[in-house]
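> Take a look at target.txt, compact mmCIF, C-alpha atoms (C1' of nucleotides):
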```txt
# COMPACT_ATOMS: atom_id res chain seq x y z
CA MET A 120 38.29 -8.66 18.76
CA GLN A 121 37.61 -6.81 15.54
CA ILE A 122 34.63 -4.60 14.92
CA GLN A 123 33.37 -6.78 12.06
CA GLN A 124 33.41 -9.86 14.27
CA ALA A 125 31.65 -7.98 17.04
CA LYS A 126 28.94 -6.79 14.67
CA HIS A 127 28.57 -10.28 13.28
CA GLN A 128 28.15 -11.67 16.78
CA PHE A 129 25.56 -9.00 17.56
CA VAL A 130 23.53 -9.84 14.46
CA GLN A 131 23.69 -13.58 15.05
CA ALA A 132 22.75 -13.28 18.71
CA TRP A 133 19.85 -10.93 17.91
CA GLY A 134 18.59 -13.54 15.46
CA ALA A 135 18.75 -16.24 18.09
CA PHE A 136 16.94 -14.01 20.60
CA GLY A 137 14.22 -13.41 18.05
CA SER A 138 12.93 -16.92 18.59
CA HIS A 139 12.29 -16.08 22.24
CA TRP A 140 10.54 -12.84 21.37
CA GLY A 141 8.01 -14.20 18.90
CA VAL A 142 9.94 -12.74 15.99
CA ASN A 143 11.42 -14.90 13.29
CA LYS A 144 15.17 -15.26 13.21
CA THR A 145 15.64 -13.57 9.86
CA MET A 146 13.60 -10.54 10.77
CA ALA A 147 15.53 -10.12 13.98
CA GLN A 148 18.82 -10.44 12.10
CA ILE A 149 17.81 -7.93 9.46
CA HIS A 150 16.70 -5.54 12.17
CA ALA A 151 19.99 -5.97 14.04
CA LEU A 152 21.93 -5.36 10.84
CA MET A 153 19.92 -2.24 10.08
CA MET A 154 20.42 -0.84 13.56
CA ILE A 155 24.20 -1.12 13.39
CA SER A 156 24.60 0.02 9.78
CA GLU A 157 25.20 3.72 9.55
CA GLU A 158 24.62 3.66 5.79
CA SER A 159 21.41 2.59 4.16
CA LEU A 160 21.42 -0.90 2.65
CA SER A 161 20.00 -2.40 -0.53
CA THR A 162 18.22 -5.71 -0.84
CA GLU A 163 21.36 -7.13 -2.47
CA GLU A 164 23.55 -6.09 0.42
CA ILE A 165 21.23 -7.63 2.98
CA MET A 166 20.99 -10.83 0.95
CA GLU A 167 24.76 -11.13 0.81
CA THR A 168 25.49 -10.21 4.37
CA LEU A 169 22.97 -12.62 5.84
CA ALA A 170 23.10 -15.26 3.08
CA ILE A 171 19.34 -15.32 2.50
CA SER A 172 17.09 -15.18 -0.54
CA ARG A 173 15.67 -12.14 -2.23
CA GLY A 174 12.10 -13.09 -1.38
CA ASN A 175 12.97 -13.48 2.26
CA VAL A 176 14.64 -10.08 2.44
CA ASN A 177 11.75 -8.45 0.64
CA MET A 178 9.11 -9.91 2.94
CA ASN A 179 10.89 -9.21 6.18
CA VAL A 180 12.03 -5.71 5.25
CA ARG A 181 8.49 -4.86 4.29
CA GLU A 182 7.25 -6.07 7.65
CA LEU A 183 9.94 -4.07 9.46
CA ILE A 184 8.81 -1.02 7.52
CA ASP A 185 5.20 -1.70 8.54
CA MET A 186 6.42 -1.94 12.12
CA GLY A 187 8.06 1.47 11.82
CA LEU A 188 11.53 0.16 12.60
CA VAL A 189 13.00 0.52 9.11
CA PHE A 190 12.49 3.17 6.43
CA LYS A 191 12.80 3.29 2.68
CA VAL A 192 15.38 5.73 1.39
CA PHE A 193 15.56 7.09 -2.14
CA LYS A 194 19.02 7.67 -3.44
CA GLN A 195 19.72 10.34 -6.00
CA GLY A 196 20.47 8.77 -9.37
CA GLU A 197 20.05 5.21 -8.04
CA ARG A 198 17.41 2.92 -9.30
CA ARG A 199 17.26 0.39 -6.51
CA ASP A 200 15.62 0.85 -3.13
CA TYR A 201 17.70 1.44 -0.04
CA PHE A 202 16.64 0.93 3.55
CA ILE A 203 17.75 2.50 6.76
CA GLY A 204 17.09 1.38 10.31
CA GLU A 205 15.82 3.48 13.20
CA LYS A 206 18.80 4.07 15.48
CA ASP A 207 17.15 5.67 18.50
CA VAL A 208 16.91 2.88 21.06
CA TRP A 209 14.14 4.51 23.07
CA LYS A 210 12.04 5.01 19.92
CA ILE A 211 12.61 1.38 18.98
CA ALA A 212 11.62 0.22 22.45
CA LYS A 213 8.43 2.28 22.44
CA GLN A 214 7.52 1.03 19.00
CA VAL A 215 8.05 -2.58 20.05
CA ALA A 216 6.03 -2.00 23.22
CA LYS A 217 3.20 -0.60 21.13
CA LEU A 218 3.24 -3.57 18.74
CA ARG A 219 3.43 -6.17 21.47
CA LYS A 220 0.64 -4.50 23.40
CA ALA A 221 -1.55 -4.71 20.30
CA ARG A 222 -0.66 -8.34 19.70
CA GLU A 223 -0.47 -9.71 23.21
CA LEU A 224 -2.54 -7.55 25.51
CA ASP A 225 -5.43 -5.97 23.61
CA PRO A 226 -7.04 -9.26 22.54
CA VAL A 227 -6.96 -10.43 26.17
CA LEU A 228 -8.62 -7.21 27.34
CA ASN A 229 -11.35 -7.73 24.77
CA LEU A 230 -12.01 -11.32 25.79
CA LEU A 231 -12.14 -10.51 29.50
CA GLN A 232 -14.36 -7.52 28.96
CA GLU A 233 -16.70 -9.65 26.88
CA ILE A 234 -16.97 -12.35 29.53
CA ARG A 235 -17.51 -9.77 32.27
CA GLN A 236 -20.49 -8.45 30.41
CA MET A 237 -22.11 -11.85 29.96
CA ASP A 238 -25.24 -12.62 31.85
CA LEU A 239 -24.39 -15.88 33.59
CA PRO A 240 -27.18 -17.27 35.77
CA PRO A 241 -27.48 -18.77 38.26
CA LYS A 242 -25.32 -16.76 40.61
CA ASN A 243 -23.97 -19.80 42.37
CA GLU A 244 -20.49 -20.31 43.78
CA GLU A 245 -19.10 -21.67 40.53
CA VAL A 246 -20.24 -18.68 38.52
CA LYS A 247 -19.06 -16.25 41.17
CA ARG A 248 -15.61 -17.79 41.32
CA PHE A 249 -15.26 -17.79 37.55
CA LEU A 250 -16.31 -14.17 37.29
CA LYS A 251 -13.96 -13.26 40.12
CA LEU A 252 -11.01 -14.75 38.23
CA VAL A 253 -12.02 -13.01 35.02
CA ASP A 254 -12.42 -9.78 36.91
CA ASP A 255 -9.04 -10.08 38.61
CA PHE A 256 -7.39 -10.70 35.26
CA TYR A 257 -9.26 -7.82 33.73
CA LYS A 258 -8.13 -5.39 36.39
CA LEU A 259 -4.55 -6.56 36.03
CA ALA A 260 -4.71 -6.26 32.25
CA VAL A 261 -6.10 -2.72 32.52
CA ASN A 262 -3.27 -1.75 34.85
CA ILE A 263 -0.63 -3.22 32.56
CA ASP A 264 -2.29 -1.44 29.67
CA ARG A 265 -2.03 1.87 31.47
CA LEU A 266 1.58 1.25 32.37
CA VAL A 267 2.48 0.44 28.77
CA GLU A 268 0.56 3.47 27.52
CA GLY A 269 2.47 5.54 30.02
CA ILE A 270 5.78 4.19 28.78
CA ILE A 271 4.85 4.80 25.16
CA LYS A 272 4.01 8.41 25.87
CA ALA A 273 6.76 9.14 28.34
CA GLU A 274 9.97 11.00 27.88
CA GLU A 275 12.72 8.49 28.53
CA SER A 276 14.78 10.13 31.23
CA TRP A 277 11.73 11.40 33.10
CA PHE A 278 10.14 7.99 33.09
CA TRP A 279 13.09 5.97 34.38
CA ASP A 280 14.04 8.61 36.84
CA LYS A 281 10.63 8.57 38.46
CA VAL A 282 9.91 4.87 38.24
CA LEU A 283 13.24 3.67 39.54
CA LYS A 284 13.15 6.20 42.36
CA LEU A 285 9.70 4.93 43.25
CA LEU A 286 10.79 1.31 43.31
CA ALA A 287 13.84 2.13 45.39
CA LYS A 288 11.75 3.95 47.98
CA LYS A 289 9.76 0.87 48.97
CA MET B 135 -25.00 -17.79 28.08
CA GLN B 136 -24.28 -20.75 30.31
CA ILE B 137 -21.31 -21.04 32.62
CA GLN B 138 -19.98 -24.12 30.82
CA GLN B 139 -20.02 -22.31 27.49
CA ALA B 140 -18.31 -19.30 29.03
CA LYS B 141 -15.59 -21.46 30.54
CA HIS B 142 -15.15 -23.27 27.25
CA GLN B 143 -14.76 -19.97 25.44
CA PHE B 144 -12.22 -18.82 27.99
CA VAL B 145 -10.13 -21.98 27.57
CA GLN B 146 -10.27 -21.86 23.79
CA ALA B 147 -9.37 -18.20 23.62
CA TRP B 148 -6.49 -18.65 26.07
CA GLY B 149 -5.17 -21.40 23.83
CA ALA B 150 -5.32 -19.14 20.80
CA PHE B 151 -3.58 -16.33 22.71
CA GLY B 152 -0.83 -18.77 23.66
CA SER B 153 0.49 -18.67 20.12
CA HIS B 154 1.08 -14.93 20.45
CA TRP B 155 2.81 -15.35 23.81
CA GLY B 156 5.38 -17.96 22.81
CA VAL B 157 3.45 -20.66 24.62
CA ASN B 158 2.02 -23.62 22.79
CA LYS B 159 -1.72 -23.82 22.44
CA THR B 160 -2.16 -26.91 24.55
CA MET B 161 -0.16 -25.58 27.45
CA ALA B 162 -2.14 -22.37 27.43
CA GLN B 163 -5.40 -24.33 27.33
CA ILE B 164 -4.38 -26.60 30.16
CA HIS B 165 -3.33 -23.60 32.19
CA ALA B 166 -6.63 -21.85 31.52
CA LEU B 167 -8.53 -24.97 32.51
CA MET B 168 -6.55 -25.31 35.71
CA MET B 169 -7.13 -21.68 36.66
CA ILE B 170 -10.88 -21.95 36.38
CA SER B 171 -11.25 -25.39 37.94
CA GLU B 172 -11.89 -25.18 41.64
CA GLU B 173 -11.26 -28.90 42.06
CA SER B 174 -8.00 -30.62 41.24
CA LEU B 175 -7.95 -32.55 37.95
CA SER B 176 -6.47 -35.86 36.89
CA THR B 177 -4.64 -36.55 33.64
CA GLU B 178 -7.74 -38.41 32.41
CA GLU B 179 -10.00 -35.45 33.07
CA ILE B 180 -7.70 -33.06 31.26
CA MET B 181 -7.41 -35.47 28.32
CA GLU B 182 -11.16 -35.71 28.03
CA THR B 183 -11.96 -32.05 28.50
CA LEU B 184 -9.43 -30.86 25.94
CA ALA B 185 -9.50 -33.93 23.67
CA ILE B 186 -5.75 -34.43 23.66
CA SER B 187 -3.44 -37.39 24.18
CA ARG B 188 -2.02 -38.67 27.44
CA GLY B 189 1.54 -37.86 26.42
CA ASN B 190 0.61 -34.32 25.56
CA VAL B 191 -1.08 -33.76 28.93
CA ASN B 192 1.82 -35.29 30.77
CA MET B 193 4.45 -33.13 29.08
CA ASN B 194 2.59 -29.88 29.37
CA VAL B 195 1.44 -30.39 32.94
CA ARG B 196 5.01 -31.19 33.93
CA GLU B 197 6.18 -27.99 32.33
CA LEU B 198 3.44 -25.97 34.06
CA ILE B 199 4.57 -27.51 37.33
CA ASP B 200 8.18 -26.51 36.57
CA MET B 201 6.91 -23.01 35.87
CA GLY B 202 5.25 -22.92 39.28
CA LEU B 203 1.77 -22.36 37.85
CA VAL B 204 0.34 -25.81 38.65
CA PHE B 205 0.88 -28.13 41.61
CA LYS B 206 0.63 -31.84 42.19
CA VAL B 207 -1.97 -32.91 44.74
CA PHE B 208 -2.08 -36.27 46.47
CA LYS B 209 -5.52 -37.56 47.21
CA GLN B 210 -6.19 -39.82 50.14
CA GLY B 211 -6.85 -43.35 48.96
CA GLU B 212 -6.42 -42.44 45.29
CA ARG B 213 -3.75 -43.92 43.16
CA ARG B 214 -3.63 -41.40 40.38
CA ASP B 215 -2.07 -37.95 40.48
CA TYR B 216 -4.21 -34.88 40.65
CA PHE B 217 -3.21 -31.35 39.71
CA ILE B 218 -4.39 -27.98 40.84
CA GLY B 219 -3.75 -24.59 39.30
CA GLU B 220 -2.59 -21.45 41.05
CA LYS B 221 -5.61 -19.15 41.32
CA ASP B 222 -4.06 -15.91 42.55
CA VAL B 223 -3.80 -13.73 39.47
CA TRP B 224 -1.09 -11.47 40.88
CA LYS B 225 1.04 -14.50 41.79
CA ILE B 226 0.54 -15.89 38.30
CA ALA B 227 1.51 -12.58 36.74
CA LYS B 228 4.65 -12.28 38.84
CA GLN B 229 5.63 -15.83 38.03
CA VAL B 230 5.16 -15.23 34.31
CA ALA B 231 7.13 -11.98 34.54
CA LYS B 232 9.96 -13.84 36.23
CA LEU B 233 9.99 -16.57 33.58
CA ARG B 234 9.81 -14.16 30.68
CA LYS B 235 12.54 -12.01 32.12
CA ALA B 236 14.80 -15.07 32.32
CA ARG B 237 13.99 -16.12 28.78
CA GLU B 238 13.73 -12.79 27.01
CA LEU B 239 15.75 -10.22 28.92
CA ASP B 240 18.65 -11.86 30.76
CA PRO B 241 20.33 -13.30 27.64
CA VAL B 242 20.22 -9.85 26.03
CA LEU B 243 21.79 -8.26 29.09
CA ASN B 244 24.58 -10.83 28.94
CA LEU B 245 25.29 -10.26 25.27
CA LEU B 246 25.33 -6.48 25.61
CA GLN B 247 27.53 -6.60 28.68
CA GLU B 248 29.92 -8.90 26.86
CA ILE B 249 30.19 -6.61 23.85
CA ARG B 250 30.66 -3.55 26.09
CA GLN B 251 33.65 -5.20 27.66
CA MET B 252 35.31 -6.06 24.36
CA ASP B 253 38.45 -4.24 23.39
CA LEU B 254 37.62 -2.94 19.94
CA PRO B 255 40.43 -0.92 18.34
CA PRO B 256 40.73 1.36 16.54
CA LYS B 257 38.48 3.91 18.20
CA ASN B 258 37.15 5.25 14.93
CA GLU B 259 33.68 6.55 14.20
CA GLU B 260 32.35 3.14 13.23
CA VAL B 261 33.46 1.55 16.49
CA LYS B 262 32.22 4.46 18.54
CA ARG B 263 28.78 4.37 16.95
CA PHE B 264 28.46 0.63 17.42
CA LEU B 265 29.47 0.83 21.06
CA LYS B 266 27.06 3.73 21.56
CA LEU B 267 24.16 1.63 20.28
CA VAL B 268 25.18 -1.32 22.43
CA ASP B 269 25.51 0.96 25.40
CA ASP B 270 22.11 2.56 24.84
CA PHE B 271 20.51 -0.86 24.63
CA TYR B 272 22.36 -1.99 27.70
CA LYS B 273 21.14 0.94 29.77
CA LEU B 274 17.60 0.37 28.60
CA ALA B 275 17.80 -3.33 29.38
CA VAL B 276 19.12 -2.60 32.86
CA ASN B 277 16.23 -0.22 33.50
CA ILE B 278 13.67 -2.73 32.28
CA ASP B 279 15.34 -5.35 34.42
CA ARG B 280 15.00 -3.15 37.49
CA LEU B 281 11.38 -2.40 36.70
CA VAL B 282 10.55 -6.09 36.32
CA GLU B 283 12.44 -6.94 39.51
CA GLY B 284 10.44 -4.22 41.24
CA ILE B 285 7.19 -5.67 40.00
CA ILE B 286 8.15 -9.18 41.06
CA LYS B 287 8.93 -8.02 44.57
CA ALA B 288 6.11 -5.51 44.95
CA GLU B 289 2.89 -5.83 46.80
CA GLU B 290 0.18 -5.51 44.19
CA SER B 291 -1.97 -2.67 45.43
CA TRP B 292 1.02 -0.61 46.50
CA PHE B 293 2.68 -1.01 43.15
CA TRP B 294 -0.25 -0.05 40.94
CA ASP B 295 -1.29 2.72 43.23
CA LYS B 296 2.09 4.38 43.05
CA VAL B 297 2.90 3.71 39.43
CA LEU B 298 -0.44 4.78 38.02
CA LYS B 299 -0.45 7.91 40.16
CA LEU B 300 3.01 8.68 38.86
CA LEU B 301 2.00 8.27 35.25
CA ALA B 302 -1.12 10.38 35.74
CA LYS B 303 0.90 13.23 37.24
CA LYS B 304 2.95 13.84 34.12
C1' DT C 220 7.85 1.96 -26.96
C1' DG C 221 10.56 -1.75 -25.33
C1' DA C 222 14.35 -3.53 -22.98
C1' DA C 223 16.79 -3.51 -18.75
C1' DA C 224 16.72 -3.03 -13.79
C1' DC C 225 14.54 -3.87 -10.00
C1' DT C 226 10.64 -5.49 -6.83
C1' DT C 227 7.02 -8.47 -5.53
C1' DT C 228 4.56 -12.65 -5.30
C1' DC C 229 3.69 -17.27 -4.23
C1' DA C 230 3.79 -22.47 -4.91
C1' DG C 231 6.54 -25.79 -3.42
C1' DA C 232 10.53 -27.20 -0.53
C1' DT C 233 12.63 -27.19 3.89
C1' DA C 234 12.96 -26.75 8.65
C1' DG C 235 10.97 -26.57 13.08
C1' DT C 236 7.40 -27.61 16.47
C1' DT C 237 3.79 -30.15 18.51
C1' DT C 238 1.11 -34.23 19.16
C1' DT C 239 0.10 -38.94 19.21
C1' DG C 240 0.08 -43.49 20.92
C1' DA C 241 2.19 -47.51 22.09
C1' DA C 242 6.02 -49.43 24.67
C1' DA C 243 8.91 -49.00 28.65
C1' DT C 244 9.11 -47.78 33.22
C1' DT C 245 7.67 -46.96 37.86
C1' DA C 246 4.59 -47.29 41.79
C1' DT C 247 0.97 -49.58 44.43
C1' DT C 248 -1.65 -53.29 46.16
C1' DG C 249 -3.11 -57.87 47.56
C1' DC D 262 6.17 -61.46 44.37
C1' DA D 263 3.02 -60.83 40.60
C1' DA D 264 -0.72 -58.35 38.95
C1' DT D 265 -2.56 -54.02 38.20
C1' DA D 266 -2.65 -49.08 37.70
C1' DA D 267 -0.61 -45.19 36.54
C1' DT D 268 3.15 -42.35 34.61
C1' DT D 269 6.80 -41.33 31.48
C1' DT D 270 9.28 -41.62 27.31
C1' DC D 271 10.13 -41.07 22.59
C1' DA D 272 9.99 -42.27 17.55
C1' DA D 273 7.06 -41.31 14.04
C1' DA D 274 3.26 -38.54 12.17
C1' DA D 275 0.87 -34.31 11.72
C1' DC D 276 1.01 -29.74 11.65
C1' DT D 277 2.99 -24.95 11.23
C1' DA D 278 6.19 -21.57 10.02
C1' DT D 279 9.70 -20.06 7.19
C1' DC D 280 12.45 -19.74 3.06
C1' DT D 281 13.64 -20.26 -1.71
C1' DG D 282 13.76 -19.12 -6.40
C1' DA D 283 11.67 -18.57 -10.57
C1' DA D 284 7.93 -16.15 -12.76
C1' DA D 285 5.10 -12.16 -12.92
C1' DG D 286 4.80 -7.42 -12.23
C1' DT D 287 6.46 -2.69 -12.08
C1' DT D 288 9.40 1.18 -12.93
C1' DT D 289 12.86 3.64 -15.35
C1' DC D 290 15.15 5.36 -19.13
C1' DA D 291 16.96 5.72 -23.83
```
Produce structure tokens that represent the structure in this file.

Amino acid sequence: MQIQQAKHQFVQAWGAFGSHWGVNKTMAQIHALMMISEESLSTEEIMETLAISRGNVNMNVRELIDMGLVFKVFKQGERRDYFIGEKDVWKIAKQVAKLRKARELDPVLNLLQEIRQMDLPPKNEEVKRFLKLVDDFYKLAVNIDRLVEGIIKAEESWFWDKVLKLLAKK
Amino acid sequence: MQIQQAKHQFVQAWGAFGSHWGVNKTMAQIHALMMISEESLSTEEIMETLAISRGNVNMNVRELIDMGLVFKVFKQGERRDYFIGEKDVWKIAKQVAKLRKARELDPVLNLLQEIRQMDLPPKNEEVKRFLKLVDDFYKLAVNIDRLVEGIIKAEESWFWDKVLKLLAKK
DNA sequence: TGAAACTTTCAGATAGTTTTGAAATTATTG
DNA sequence: CAATAATTTCAAAACTATCTGAAAGTTTCA
């Protein structure tokens, strides 16, 4: 197997995974390409490598920049923009955790909190059961929130060391 | 606010969240409805409550059953099928974690493992850097895998007690 | 300043997903 | 067995997301 084939496979697979992660295929492919490219890349180079349009590259690169996973690079004496991908896997993971928390968890916390604070008479069995479910979900969501916050703030080796030791102990 | 309104809001919001979780709106709505319904529901009742077609209910309920979040119930003297939702939030969470791990994490582990085992000559800087990235991702994925496995197996109170205490200590 | 180089936008095209609803199938009852 | 009730299937329609490519906008430089 040659390195170029291996990289190609990585990029293609990452694109396919994207669909299961709520990320569009092209964005996942661009991100994969940026992670494995030591050098910064121009729009043209991304277009060619992935066989996609200029508009598509522009849109997705911009979003990756907004996500903090890709950065603009200015090259001395060059007119066009170049982009470089974050290479630190732990930083990438924390960033993704942060973004997914904001998209997937925070809105749920808000909804549950809102319902908990409703005044719902009469206090019959139906109401009690509903509020119990909402409350259970809320407590779970708060715990997950704290765990994710912990991960985002943690130092990698410390975190895994402690957590995996803890889970093993059981 | 009345209980029926509150339940309606819960179902609608859950449906909207679905889109951000890689779950289609209808399935998320049906699941929400099943979680908050004490009684088992028939296809007809779900159709009416959510204003959706028979085929849609059938498909999504079947999938929820496959996911282990909803169960078929046979009613004495009744010809039609009834369905009841799992109500235990921790069980639901573990089930979802299991499903998402299978969909989102396991394929990545396989890819990374596969690439790690490739023979990629020559061992130049480019190859080394690529394999380093793959290796970093692999180690991270293995750690996440262990964490998720730990969660799936853990007893709820024990798990949160320990983990949150750990994160607080830092 | 103005022409070239490059980036951004966005309307329409394409591709992908979800839903419907009627027909086919299966199960139950008298 | 035949009638009835319910479930399942699936092709077509509706809807949604994504991508293209040309036009508009911006920046650079002589």
> Counting only C-alpha atoms (C1' of nucleotides), which residues in chain B sit no more than 12 Å from chain D? For each one, give the nearest pair of atoms and the distance in Å, sorted by chain then residue number, as JSON lines.

```
{"residue": "B:Ser153", "atom": "CA", "partner": "D:DT277", "partner_atom": "C1'", "distance": 11.2}
{"residue": "B:Asn158", "atom": "CA", "partner": "D:DT277", "partner_atom": "C1'", "distance": 11.7}
{"residue": "B:Ser176", "atom": "CA", "partner": "D:DA267", "partner_atom": "C1'", "distance": 11.0}
{"residue": "B:Thr177", "atom": "CA", "partner": "D:DT268", "partner_atom": "C1'", "distance": 9.8}
{"residue": "B:Glu178", "atom": "CA", "partner": "D:DA267", "partner_atom": "C1'", "distance": 10.7}
{"residue": "B:Arg188", "atom": "CA", "partner": "D:DT268", "partner_atom": "C1'", "distance": 9.6}
{"residue": "B:Gly189", "atom": "CA", "partner": "D:DT269", "partner_atom": "C1'", "distance": 8.1}
{"residue": "B:Asn190", "atom": "CA", "partner": "D:DT269", "partner_atom": "C1'", "distance": 11.1}
{"residue": "B:Val191", "atom": "CA", "partner": "D:DT268", "partner_atom": "C1'", "distance": 11.1}
{"residue": "B:Asn192", "atom": "CA", "partner": "D:DT269", "partner_atom": "C1'", "distance": 7.9}
{"residue": "B:Met193", "atom": "CA", "partner": "D:DT269", "partner_atom": "C1'", "distance": 8.9}
{"residue": "B:Arg196", "atom": "CA", "partner": "D:DT269", "partner_atom": "C1'", "distance": 10.6}
{"residue": "B:Glu212", "atom": "CA", "partner": "D:DA266", "partner_atom": "C1'", "distance": 10.8}
{"residue": "B:Arg213", "atom": "CA", "partner": "D:DA267", "partner_atom": "C1'", "distance": 7.4}
{"residue": "B:Arg214", "atom": "CA", "partner": "D:DA267", "partner_atom": "C1'", "distance": 6.2}
{"residue": "B:Asp215", "atom": "CA", "partner": "D:DA267", "partner_atom": "C1'", "distance": 8.4}
{"residue": "B:Tyr216", "atom": "CA", "partner": "D:DA267", "partner_atom": "C1'", "distance": 11.7}
```
> Filtering to C-alpha atoms, could you give me those residues as a PDB file, in the frame of the given file?

```
ATOM      1  CA  SER B 153       0.490 -18.670  20.120  1.00  0.00           C
ATOM      2  CA  ASN B 158       2.020 -23.620  22.790  1.00  0.00           C
ATOM      3  CA  SER B 176      -6.470 -35.860  36.890  1.00  0.00           C
ATOM      4  CA  THR B 177      -4.640 -36.550  33.640  1.00  0.00           C
ATOM      5  CA  GLU B 178      -7.740 -38.410  32.410  1.00  0.00           C
ATOM      6  CA  ARG B 188      -2.020 -38.670  27.440  1.00  0.00           C
ATOM      7  CA  GLY B 189       1.540 -37.860  26.420  1.00  0.00           C
ATOM      8  CA  ASN B 190       0.610 -34.320  25.560  1.00  0.00           C
ATOM      9  CA  VAL B 191      -1.080 -33.760  28.930  1.00  0.00           C
ATOM     10  CA  ASN B 192       1.820 -35.290  30.770  1.00  0.00           C
ATOM     11  CA  MET B 193       4.450 -33.130  29.080  1.00  0.00           C
ATOM     12  CA  ARG B 196       5.010 -31.190  33.930  1.00  0.00           C
ATOM     13  CA  GLU B 212      -6.420 -42.440  45.290  1.00  0.00           C
ATOM     14  CA  ARG B 213      -3.750 -43.920  43.160  1.00  0.00           C
ATOM     15  CA  ARG B 214      -3.630 -41.400  40.380  1.00  0.00           C
ATOM     16  CA  ASP B 215      -2.070 -37.950  40.480  1.00  0.00           C
ATOM     17  CA  TYR B 216      -4.210 -34.880  40.650  1.00  0.00           C
TER      18      TYR B 216
END
```
> Pick out the closest residue to chain B from this set: A:Leu228, A:Val261, A:Ala135, A:Val246. Count all atoms listed in the file.
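Once distances to chain B are computed over all atoms listed in the file, the minimum belongs to A:Val246.
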> Residues of chain A were defined as contacting chain B if any atom lay at most 6 Å from it, counting all atoms listed in the file; please report them as a list in words.
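Every residue meeting the condition is included here: Met120, Gln121, His139, Leu239, Gly269 and Leu286 of chain A.
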> With a cut-off of 12 Å and counting all atoms listed in the file, select all residues of chain C in contact with chain A and give the selection as a PDB file with C-alpha atoms (C1' of nucleotides), in the coordinates of the input.

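Okay, this is what ended up in selection.pdb:
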```
ATOM      1  C1'  DA C 223      16.790  -3.510 -18.750  1.00  0.00           C
ATOM      2  C1'  DA C 224      16.720  -3.030 -13.790  1.00  0.00           C
ATOM      3  C1'  DC C 225      14.540  -3.870 -10.000  1.00  0.00           C
ATOM      4  C1'  DT C 226      10.640  -5.490  -6.830  1.00  0.00           C
ATOM      5  C1'  DT C 227       7.020  -8.470  -5.530  1.00  0.00           C
ATOM      6  C1'  DT C 228       4.560 -12.650  -5.300  1.00  0.00           C
ATOM      7  C1'  DC C 229       3.690 -17.270  -4.230  1.00  0.00           C
ATOM      8  C1'  DG C 235      10.970 -26.570  13.080  1.00  0.00           C
TER       9       DG C 235
END
```
> Using atom CA of A:Lys213 and atom CA of A:Ala147 as the two end points, give the distance in Å to one decimal.
16.6 Å
> Build an axis-aligned box that encloses every atom of stretch 270-284 of chain A listed in the file, pad it by 5 Å on each side, and report its centre and edge lengths in Å to one decimal, as JSON.

```
{"center_x": 9.4, "center_y": 7.5, "center_z": 33.8, "size_x": 20.8, "size_y": 17.7, "size_z": 27.2}
```
> Atom CA of B:Ala231 to atom CA of B:Met201: how many Å, to one decimal?
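We find that atom CA of B:Ala231 and atom CA of B:Met201 lie 11.1 Å from each other.
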> Between atom CA of A:Gly204 and atom CA of A:Glu167, what is the spacing in Å?
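So the two atoms, atom CA of A:Glu167 and atom CA of A:Gly204, lie 17.5 Å apart.
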> Pick the closest to B:Gln163 from B:Lys225, B:Asp200, B:Gly149, B:Leu175: which is it, counting all atoms listed in the file?
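The shortest atom-to-atom distance to B:Gln163 comes from B:Gly149.
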> Closest to C:DT247 among B:Arg250, B:Asn244, B:Gly211, B:Phe217, using all atoms listed in the file?
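Closest residue, counting all atoms listed in the file: B:Gly211.
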